[in-house]
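Q: So here's start-v4.txt, just compact mmCIF, C-alpha atoms:
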# COMPACT_ATOMS: atom_id res chain seq x y z
CA MET A 288 -40.15 4.61 17.10
CA SER A 289 -39.61 2.38 14.09
CA ILE A 290 -36.99 -0.35 13.90
CA GLN A 291 -34.37 1.61 11.97
CA TRP A 292 -34.55 4.59 14.31
CA THR A 293 -34.45 2.33 17.37
CA PHE A 294 -31.33 0.68 15.97
CA LEU A 295 -29.79 4.06 15.17
CA ALA A 296 -30.52 5.40 18.67
CA THR A 297 -28.95 2.29 20.22
CA PHE A 298 -25.92 2.72 17.98
CA LEU A 299 -25.69 6.36 19.03
CA TYR A 300 -25.63 5.38 22.71
CA CYS A 301 -22.88 2.84 21.97
CA GLU A 302 -20.90 5.52 20.16
CA LEU A 303 -21.19 7.83 23.16
CA ILE A 304 -19.91 5.08 25.46
CA ILE A 305 -16.99 4.35 23.11
CA VAL A 306 -16.05 8.03 22.90
CA ILE A 307 -16.14 8.36 26.69
CA ILE A 308 -13.94 5.27 27.09
CA LEU A 309 -11.47 6.53 24.49
CA LEU A 310 -11.23 9.87 26.29
CA LEU A 311 -10.55 8.40 29.73
CA PRO A 312 -7.29 10.00 30.92
CA PHE A 313 -5.98 7.06 32.95
CA ILE A 314 -5.89 4.73 29.92
CA ARG A 315 -2.57 5.40 28.22
CA PRO A 316 -2.24 5.38 24.41
CA THR A 317 0.22 2.48 24.69
CA ILE A 318 -2.54 0.35 26.20
CA TRP A 319 -4.81 1.23 23.29
CA GLU A 320 -1.97 0.39 20.90
CA LYS A 321 -1.69 -3.08 22.45
CA PHE A 322 -5.45 -3.51 22.15
CA PHE A 323 -5.41 -2.42 18.51
CA LYS A 324 -2.70 -5.01 17.81
CA SER A 325 -4.58 -7.83 19.53
CA ARG A 326 -6.13 -10.71 17.60
CA LEU A 327 -9.65 -9.44 18.18
CA ALA A 328 -8.85 -5.99 16.83
CA LYS A 329 -6.92 -7.41 13.88
CA ALA A 330 -9.85 -9.67 13.00
CA PHE A 331 -12.09 -6.61 12.92
CA THR A 332 -9.64 -4.32 11.13
CA ALA A 333 -9.28 -6.81 8.27
CA GLY A 334 -12.50 -5.39 6.80
CA ALA A 335 -12.71 -2.17 8.81
CA LYS A 336 -12.62 -0.02 5.69
CA TYR A 337 -15.66 -1.74 4.22
CA TYR A 338 -17.53 -1.66 7.56
CA PHE A 339 -16.78 2.03 7.97
CA ASN A 340 -17.96 2.94 4.47
CA PHE A 341 -21.07 0.78 4.77
CA ILE A 342 -22.10 2.38 8.07
CA ILE A 343 -21.47 5.84 6.61
CA CYS A 344 -23.77 5.02 3.70
CA VAL A 345 -26.51 3.75 6.03
CA PHE A 346 -26.23 6.76 8.34
CA THR A 347 -26.24 9.14 5.39
CA LEU A 348 -29.42 7.60 3.99
CA LEU A 349 -31.12 7.81 7.38
CA PHE A 350 -29.93 11.39 7.79
CA LEU A 351 -31.35 12.36 4.39
CA ASP A 352 -34.61 10.61 5.25
CA ALA A 353 -34.75 12.56 8.52
CA ILE A 354 -34.26 15.81 6.60
CA ARG A 355 -37.06 14.84 4.25
CA GLU A 356 -39.44 14.17 7.14
CA LEU A 357 -38.35 17.35 8.88
CA ARG A 358 -39.21 19.42 5.84
CA LYS A 359 -42.42 17.49 5.35
CA TYR A 360 -43.78 18.21 8.83
CA ALA A 361 -42.23 21.66 9.23
CA ASN A 362 -45.24 23.45 7.79
CA VAL A 363 -48.65 22.10 8.70
CA ASP A 364 -51.67 23.16 6.68
CA GLU A 365 -54.46 24.80 8.67
CA LYS A 366 -56.98 22.53 6.97
CA ASP A 367 -55.35 19.53 8.59
CA LEU A 368 -55.81 21.11 12.03
CA SER A 369 -59.60 21.24 11.76
CA MET A 370 -59.98 17.68 12.96
CA PRO A 371 -59.88 16.83 16.68
CA GLN A 372 -56.42 16.02 18.02
CA ALA A 373 -54.98 17.02 14.63
CA GLU A 374 -52.72 19.67 16.10
CA THR A 375 -51.38 17.24 18.68
CA GLN A 376 -50.61 14.65 16.04
CA ALA A 377 -48.98 17.27 13.83
CA HIS A 378 -46.72 18.43 16.65
CA MET A 379 -45.94 14.81 17.54
CA LYS A 380 -44.88 14.04 13.96
CA GLN A 381 -42.83 17.22 13.88
CA PHE A 382 -41.16 16.26 17.15
CA ARG A 383 -40.36 12.77 15.83
CA SER A 384 -38.88 14.16 12.63
CA GLN A 385 -36.68 16.54 14.62
CA ARG A 386 -35.67 13.75 16.99
CA ASN A 387 -34.73 11.47 14.10
CA PHE A 388 -32.80 14.30 12.48
CA TYR A 389 -30.68 14.89 15.59
CA ILE A 390 -30.14 11.17 16.19
CA ALA A 391 -28.97 10.56 12.62
CA GLY A 392 -26.80 13.68 12.58
CA PHE A 393 -25.07 12.95 15.88
CA ALA A 394 -24.59 9.27 15.01
CA LEU A 395 -22.92 10.20 11.73
CA PHE A 396 -20.79 12.85 13.41
CA LEU A 397 -19.65 10.58 16.26
CA TRP A 398 -18.72 7.86 13.78
CA PHE A 399 -16.12 10.20 12.25
CA VAL A 400 -15.04 11.30 15.74
CA ILE A 401 -14.39 7.69 16.80
CA LYS A 402 -12.31 7.01 13.70
CA ARG A 403 -10.30 10.17 14.29
CA LEU A 404 -9.73 9.34 17.97
CA ILE A 405 -8.49 5.85 17.12
CA ASN A 406 -6.02 7.25 14.57
CA LEU A 407 -4.79 9.88 17.04
CA LEU A 408 -4.34 7.34 19.83
CA ALA A 409 -2.39 4.99 17.55
CA SER A 410 -0.19 7.84 16.34
CA CYS A 411 0.37 9.05 19.90
CA ALA A 412 1.36 5.54 21.00
CA ARG A 413 3.91 5.29 18.19
CA GLU A 414 5.36 8.68 19.09
CA MET A 415 5.61 7.69 22.75
CA ALA A 416 7.40 4.47 21.83
CA ALA A 417 9.84 6.37 19.61
CA ALA A 418 10.44 8.93 22.37
CA ALA A 419 11.07 6.17 24.92
CA GLU A 420 13.54 4.49 22.57
CA ALA A 421 15.33 7.79 21.96
CA HIS A 422 15.45 8.44 25.70
CA LYS A 423 16.91 4.99 26.29
CA GLN A 424 19.59 5.58 23.67
CA ALA A 425 20.37 8.98 25.14
CA GLU A 426 20.74 7.47 28.62
CA GLY A 427 23.02 4.77 27.22
CA ALA A 428 25.15 7.36 25.45
CA LYS A 429 25.37 9.39 28.64
CA ARG A 430 26.51 6.40 30.70
CA HIS A 431 29.00 5.46 28.02
CA LEU A 432 30.52 8.93 27.93
CA GLU A 433 30.64 9.12 31.70
CA GLY A 434 32.39 5.77 31.81
CA VAL A 435 34.92 6.83 29.18
CA MET A 436 35.62 10.15 30.85
CA ALA A 437 36.04 8.56 34.25
CA ASN A 438 38.05 5.63 32.80
CA ASP A 439 35.76 3.32 34.69
CA PRO A 440 34.81 0.39 32.46
CA THR A 441 32.20 -0.83 34.96
CA LYS A 442 29.93 2.04 33.98
CA ILE A 443 29.95 1.03 30.33
CA ASP A 444 27.05 -1.12 29.31
CA PRO A 445 28.36 -3.98 27.13
CA ARG A 446 25.16 -3.76 25.10
CA GLU A 447 26.07 -0.22 24.02
CA ILE A 448 28.19 -0.46 20.90
CA ILE A 449 29.74 2.50 19.12
CA ALA A 450 28.70 2.35 15.50
CA SER A 451 31.55 4.50 14.20
CA HIS A 452 33.97 7.14 15.34
CA GLY A 453 32.24 10.35 16.35
CA ASN A 454 28.75 8.80 16.54
CA PRO A 455 26.87 8.11 19.78
CA PRO A 456 26.69 4.52 21.03
CA ARG A 457 23.94 2.31 19.69
CA TYR A 458 21.93 0.16 22.08
CA VAL A 459 21.98 -3.46 20.97
CA ASP A 460 20.05 -6.26 22.59
CA SER A 461 22.15 -9.25 23.63
CA LYS A 462 19.88 -11.74 21.85
CA GLU A 463 19.95 -9.68 18.69
CA HIS A 464 23.72 -9.36 18.96
CA ASP A 465 24.16 -13.13 19.38
CA ALA A 466 21.89 -13.77 16.42
CA GLU A 467 23.96 -11.40 14.28
CA ILE A 468 27.17 -13.16 15.36
CA ILE A 469 25.71 -16.55 14.43
CA GLU A 470 24.61 -15.18 11.07
CA TYR A 471 28.08 -13.75 10.43
CA LYS A 472 29.67 -17.08 11.33
CA LYS A 473 27.41 -18.87 8.87
CA GLU A 474 28.32 -16.40 6.15
CA LEU A 475 32.03 -16.80 6.98
CA THR A 476 31.77 -20.60 6.81
CA LYS A 477 29.98 -20.39 3.49
CA ALA A 478 32.62 -18.00 2.16
CA LYS A 479 35.40 -20.38 3.23
CA GLU A 480 33.65 -23.26 1.48
CA ASP A 481 33.33 -21.18 -1.67
CA ILE A 482 37.03 -20.31 -1.49
CA ASP A 483 37.98 -23.97 -1.08
CA THR A 484 35.78 -24.90 -4.04
CA LEU A 485 37.37 -22.22 -6.20
CA ARG A 486 40.83 -23.34 -5.10
CA ASP A 487 40.10 -26.95 -6.09
CA GLU A 488 38.77 -25.79 -9.43
CA TYR A 489 41.91 -23.71 -9.93
CA ASP A 490 44.18 -26.65 -9.11
CA ASN A 491 42.26 -28.89 -11.51
CA SER A 492 42.49 -26.23 -14.21
CA VAL A 493 46.26 -25.90 -13.72
CA LYS A 494 46.67 -29.67 -13.82
CA ARG A 495 44.60 -29.90 -16.98
CA TYR A 496 46.62 -27.09 -18.52
CA HIS A 497 49.87 -28.93 -17.87
CA GLU A 498 48.44 -32.11 -19.39
CA LEU A 499 47.34 -30.25 -22.50
CA GLU A 500 50.73 -28.58 -22.72
CA GLU A 501 52.46 -31.97 -22.53
CA ASP A 502 50.16 -33.38 -25.23
CA ASN A 503 50.88 -30.38 -27.41
CA ARG A 504 54.63 -30.87 -27.00
CA ARG A 505 54.36 -34.53 -27.97
CA LEU A 506 52.27 -33.71 -31.01
CA GLN A 507 54.82 -31.13 -32.11
CA ILE A 508 57.62 -33.70 -31.78
CA GLN A 509 55.65 -36.24 -33.80
CA LEU A 510 54.87 -33.62 -36.41
CA ALA A 511 58.54 -32.69 -36.65
CA MET A 512 59.51 -36.35 -37.05
CA LEU A 513 56.94 -36.87 -39.79
CA SER A 514 58.15 -33.76 -41.58
CA GLY A 515 61.76 -35.05 -41.41
CA ASP A 516 60.78 -38.44 -42.84
CA GLU A 517 58.95 -36.87 -45.76
CA SER A 518 61.90 -34.62 -46.58
CA SER A 519 64.33 -37.59 -46.54
CA LYS A 520 62.10 -39.55 -48.90
CA ASP A 521 61.98 -36.66 -51.34
CA LYS A 522 65.74 -36.59 -51.53
For this file, produce the structure as structure tokens.

A:
Amino acid sequence: MSIQWTFLATFLYCELIIVIILLLPFIRPTIWEKFFKSRLAKAFTAGAKYYFNFIICVFTLLFLDAIRELRKYANVDEKDLSMPQAETQAHMKQFRSQRNFYIAGFALFLWFVIKRLINLLASCAREMAAAAEAHKQAEGAKRHLEGVMANDPTKIDPREIIASHGNPPRYVDSKEHDAEIIEYKKELTKAKEDIDTLRDEYDNSVKRYHELEEDNRRLQIQLAMLSGDESSKDK
């Protein structure tokens, strides 16, 4: 077996092992989701698209080469069988071409299967996380309603906050809630500072307006006096 077919056969065995591991029932999709989000997986997924397309191109070329050899050794001329051991060699070449054909075909097929399994596991993990979150919210809403109906405040989780009237309670983490309160306090402080700044500017504007009004009144008085002096001189 040549180097490329040895490499392809080894890759095929690795693909079979990966498929078996991905199909193990006791490994939950959430565990695979954590693995896919790990640093090692992220380092590989950075160029996963290029790796996937490159391997597809290599496998396709090997698959086409296997088809070429399969067609080449499918029909053996009777003249070539006249030599000793010729029939054995012809059948051996035919067997190798068939073997290479199946190896390349299964390797290419399993490569698509692995990609599909990874996508399905990731999607299943996201759906399970969303279902768990919805179940948690439903349980919180149930406890809240039971506490309200029984008028027992001890059954009400303080982390369950009613968003609006008629809507179910929304589960809020205490750390997230504290962070939101701190953010609101910062915004309130900034708003107060802006109001104080605007108030100072308003007071300065009013003061400046009064000064301009006083200057205008003085100028009008001076203008009236000058007009009176000119009229007396004319007389």

Q: Tell me which protein, DNA and RNA residues are within 12 Å of Ser289 in chain A, counting all atoms listed in the file, leaving out same-chain ones fewer than 3 positions away, and put them as a list in words.

A: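 Non-adjacent residues within range: Trp292, Thr293, Phe294, Leu295, Ala296, Arg383, Ser384 and Asn387 of chain A.
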
Q: I'd like the interatomic distance between CA of Phe350 in chain A and CA of Ala391 in chain A, to a tenth of an Å.

A: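 Going from CA of Phe350 in chain A over to CA of Ala391 in chain A covers 5.0 Å.
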
Q: Would you work out the distance separating CA of Ala377 in chain A from CA of Asp352 in chain A, expressed in Å to one decimal?

A: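 Taking CA of Ala377 in chain A as the start and CA of Asp352 in chain A as the end point, the length is 18.0 Å.
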
Q: Padding of 8 Å on every side, edges along x, y and z, all listed atoms of range 480-489 of chain A included: what centre and edge lengths in Å, to one decimal, does that box have, as lines of an AutoDock Vina configuration file?

A:
center_x = 37.6
center_y = -23.6
center_z = -4.2
size_x = 24.6
size_y = 22.6
size_z = 27.4

Q: May I have the residues within 12 Å of range 415-418 of chain A as a ChimeraX atom specification, using all atoms listed in the file and disregarding those fewer than 6 positions away in the same chain?

A: /A:315-318,320-321,408-409,424-425

Q: Please report the interatomic distance between CA of Ile314 in chain A and CA of Leu327 in chain A in Å with one decimal.

A: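 Result for CA of Ile314 in chain A versus CA of Leu327 in chain A: 18.8 Å, one decimal.
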
Q: Fix up range 402-428 of chain A with N, CA and C atoms, then write it as a PDB file, in the coordinates of the input.

A:
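Result went into result_2.pdb, see below:
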ATOM      1  N   LYS A 402     -13.404   7.356  14.620  1.00  0.00           N
ATOM      2  CA  LYS A 402     -12.310   7.010  13.700  1.00  0.00           C
ATOM      3  C   LYS A 402     -11.112   7.930  13.908  1.00  0.00           C
ATOM      4  N   ARG A 403     -11.385   9.210  14.084  1.00  0.00           N
ATOM      5  CA  ARG A 403     -10.300  10.170  14.290  1.00  0.00           C
ATOM      6  C   ARG A 403      -9.597   9.921  15.619  1.00  0.00           C
ATOM      7  N   LEU A 404     -10.338   9.619  16.659  1.00  0.00           N
ATOM      8  CA  LEU A 404      -9.730   9.340  17.970  1.00  0.00           C
ATOM      9  C   LEU A 404      -8.845   8.107  17.917  1.00  0.00           C
ATOM     10  N   ILE A 405      -9.293   7.075  17.219  1.00  0.00           N
ATOM     11  CA  ILE A 405      -8.490   5.850  17.120  1.00  0.00           C
ATOM     12  C   ILE A 405      -7.178   6.138  16.387  1.00  0.00           C
ATOM     13  N   ASN A 406      -7.244   6.904  15.307  1.00  0.00           N
ATOM     14  CA  ASN A 406      -6.020   7.250  14.570  1.00  0.00           C
ATOM     15  C   ASN A 406      -5.071   8.092  15.427  1.00  0.00           C
ATOM     16  N   LEU A 407      -5.630   9.035  16.186  1.00  0.00           N
ATOM     17  CA  LEU A 407      -4.790   9.880  17.040  1.00  0.00           C
ATOM     18  C   LEU A 407      -4.147   9.076  18.167  1.00  0.00           C
ATOM     19  N   LEU A 408      -4.897   8.158  18.759  1.00  0.00           N
ATOM     20  CA  LEU A 408      -4.340   7.340  19.830  1.00  0.00           C
ATOM     21  C   LEU A 408      -3.225   6.429  19.307  1.00  0.00           C
ATOM     22  N   ALA A 409      -3.435   5.843  18.136  1.00  0.00           N
ATOM     23  CA  ALA A 409      -2.390   4.990  17.550  1.00  0.00           C
ATOM     24  C   ALA A 409      -1.147   5.803  17.221  1.00  0.00           C
ATOM     25  N   SER A 410      -1.338   6.988  16.659  1.00  0.00           N
ATOM     26  CA  SER A 410      -0.190   7.840  16.340  1.00  0.00           C
ATOM     27  C   SER A 410       0.526   8.296  17.604  1.00  0.00           C
ATOM     28  N   CYS A 411      -0.234   8.636  18.638  1.00  0.00           N
ATOM     29  CA  CYS A 411       0.370   9.050  19.900  1.00  0.00           C
ATOM     30  C   CYS A 411       1.164   7.913  20.536  1.00  0.00           C
ATOM     31  N   ALA A 412       0.645   6.695  20.446  1.00  0.00           N
ATOM     32  CA  ALA A 412       1.360   5.540  21.000  1.00  0.00           C
ATOM     33  C   ALA A 412       2.678   5.311  20.269  1.00  0.00           C
ATOM     34  N   ARG A 413       2.665   5.457  18.950  1.00  0.00           N
ATOM     35  CA  ARG A 413       3.910   5.290  18.190  1.00  0.00           C
ATOM     36  C   ARG A 413       4.925   6.376  18.547  1.00  0.00           C
ATOM     37  N   GLU A 414       4.451   7.598  18.719  1.00  0.00           N
ATOM     38  CA  GLU A 414       5.360   8.680  19.090  1.00  0.00           C
ATOM     39  C   GLU A 414       5.937   8.464  20.486  1.00  0.00           C
ATOM     40  N   MET A 415       5.117   7.969  21.402  1.00  0.00           N
ATOM     41  CA  MET A 415       5.610   7.690  22.750  1.00  0.00           C
ATOM     42  C   MET A 415       6.653   6.577  22.743  1.00  0.00           C
ATOM     43  N   ALA A 416       6.426   5.549  21.925  1.00  0.00           N
ATOM     44  CA  ALA A 416       7.400   4.470  21.830  1.00  0.00           C
ATOM     45  C   ALA A 416       8.718   4.967  21.235  1.00  0.00           C
ATOM     46  N   ALA A 417       8.626   5.812  20.210  1.00  0.00           N
ATOM     47  CA  ALA A 417       9.840   6.370  19.610  1.00  0.00           C
ATOM     48  C   ALA A 417      10.573   7.275  20.601  1.00  0.00           C
ATOM     49  N   ALA A 418       9.813   8.055  21.379  1.00  0.00           N
ATOM     50  CA  ALA A 418      10.440   8.930  22.370  1.00  0.00           C
ATOM     51  C   ALA A 418      11.115   8.109  23.469  1.00  0.00           C
ATOM     52  N   ALA A 419      10.463   7.023  23.895  1.00  0.00           N
ATOM     53  CA  ALA A 419      11.070   6.170  24.920  1.00  0.00           C
ATOM     54  C   ALA A 419      12.345   5.518  24.410  1.00  0.00           C
ATOM     55  N   GLU A 420      12.342   5.091  23.150  1.00  0.00           N
ATOM     56  CA  GLU A 420      13.540   4.490  22.570  1.00  0.00           C
ATOM     57  C   GLU A 420      14.665   5.517  22.455  1.00  0.00           C
ATOM     58  N   ALA A 421      14.309   6.735  22.047  1.00  0.00           N
ATOM     59  CA  ALA A 421      15.330   7.790  21.960  1.00  0.00           C
ATOM     60  C   ALA A 421      15.875   8.140  23.334  1.00  0.00           C
ATOM     61  N   HIS A 422      14.998   8.159  24.333  1.00  0.00           N
ATOM     62  CA  HIS A 422      15.450   8.440  25.700  1.00  0.00           C
ATOM     63  C   HIS A 422      16.386   7.345  26.200  1.00  0.00           C
ATOM     64  N   LYS A 423      16.053   6.102  25.875  1.00  0.00           N
ATOM     65  CA  LYS A 423      16.910   4.990  26.290  1.00  0.00           C
ATOM     66  C   LYS A 423      18.283   5.084  25.633  1.00  0.00           C
ATOM     67  N   GLN A 424      18.308   5.425  24.351  1.00  0.00           N
ATOM     68  CA  GLN A 424      19.590   5.580  23.670  1.00  0.00           C
ATOM     69  C   GLN A 424      20.384   6.752  24.225  1.00  0.00           C
ATOM     70  N   ALA A 425      19.676   7.827  24.566  1.00  0.00           N
ATOM     71  CA  ALA A 425      20.370   8.980  25.140  1.00  0.00           C
ATOM     72  C   ALA A 425      20.964   8.634  26.508  1.00  0.00           C
ATOM     73  N   GLU A 426      20.221   7.888  27.316  1.00  0.00           N
ATOM     74  CA  GLU A 426      20.740   7.470  28.620  1.00  0.00           C
ATOM     75  C   GLU A 426      21.951   6.550  28.445  1.00  0.00           C
ATOM     76  N   GLY A 427      21.876   5.649  27.469  1.00  0.00           N
ATOM     77  CA  GLY A 427      23.020   4.770  27.220  1.00  0.00           C
ATOM     78  C   GLY A 427      24.239   5.543  26.768  1.00  0.00           C
ATOM     79  N   ALA A 428      24.025   6.536  25.898  1.00  0.00           N
ATOM     80  CA  ALA A 428      25.150   7.360  25.450  1.00  0.00           C
ATOM     81  C   ALA A 428      25.744   8.153  26.605  1.00  0.00           C
TER      82      ALA A 428
END
